[in-house]
Amino acid sequence: MLIIRLIRTGKKNASSFRVVLTEKKNAAKSGRFLEVLGSYNPRLREKKITLKKERIEYWISQGAQTSDTVHNLLVSQGVIKGPKIARKIKLKKGAIAPEGERPVEQPAEEKKEEKKEEASEEENIDKI
């Protein structure tokens, strides 16, 4: 399966990216790609984006998928139409999620208190 994704280039703390066509399975391990489809430099004041629109449209018509970031980039540049894809938020263990996201686990102390309350309720039921 082919995927259009970003590959990081540039020096440390001065990243820039290439938009490339690559195999999905081997992309992370080998770093090989089939074709360079553009570039993206987010570090400039006006983010510099160059894309080969014809080649991107061709590969998408041939069945190539896009990563979420590249999809949003292509939508913002008008290469493809459609809504942007929402970011996937990864939370570190113990971090608090914003409201409307996924539920956050309760701290261990609150869990212990709930278990004690449930146990006392069960004892009261048994006594009756």
# chains A, B, ... in the order shown; residues from 1 in each chain; ligands from 1
>>> select_by_dssp(residues="stretch 4-88 of chain A", states="strand (DSSP E or B)", output="VMD selection string")
chain A and resid 4 to 11 14 to 23 35 to 41 48 to 51 65 to 66
>>> atom_distance(atom1="atom CA of A:His71", atom2="atom CA of A:Thr22")
15.1 Å
>>> residues_around(residues="A:Val75", least_positions_apart="5", cutoff="12 Å", atoms="only C-alpha atoms", output="list in words")
Lys53, Thr66, Asp68, Thr69, Val70, Ile80, Lys81, Gly82, Pro83, Lys84 and Ile85 of chain A
>>> atom_distance(atom1="atom CA of A:Asn13", atom2="atom CA of A:Arg45")
15.9 Å
>>> residues_around(residues="A:Ala64", least_positions_apart="5", cutoff="7 Å", atoms="only C-alpha atoms", output="PyMOL selection string")
chain A and resi 2-4+59
>>> atom_distance(atom1="atom CA of A:Ile89", atom2="atom CA of A:Val36")
28.4 Å
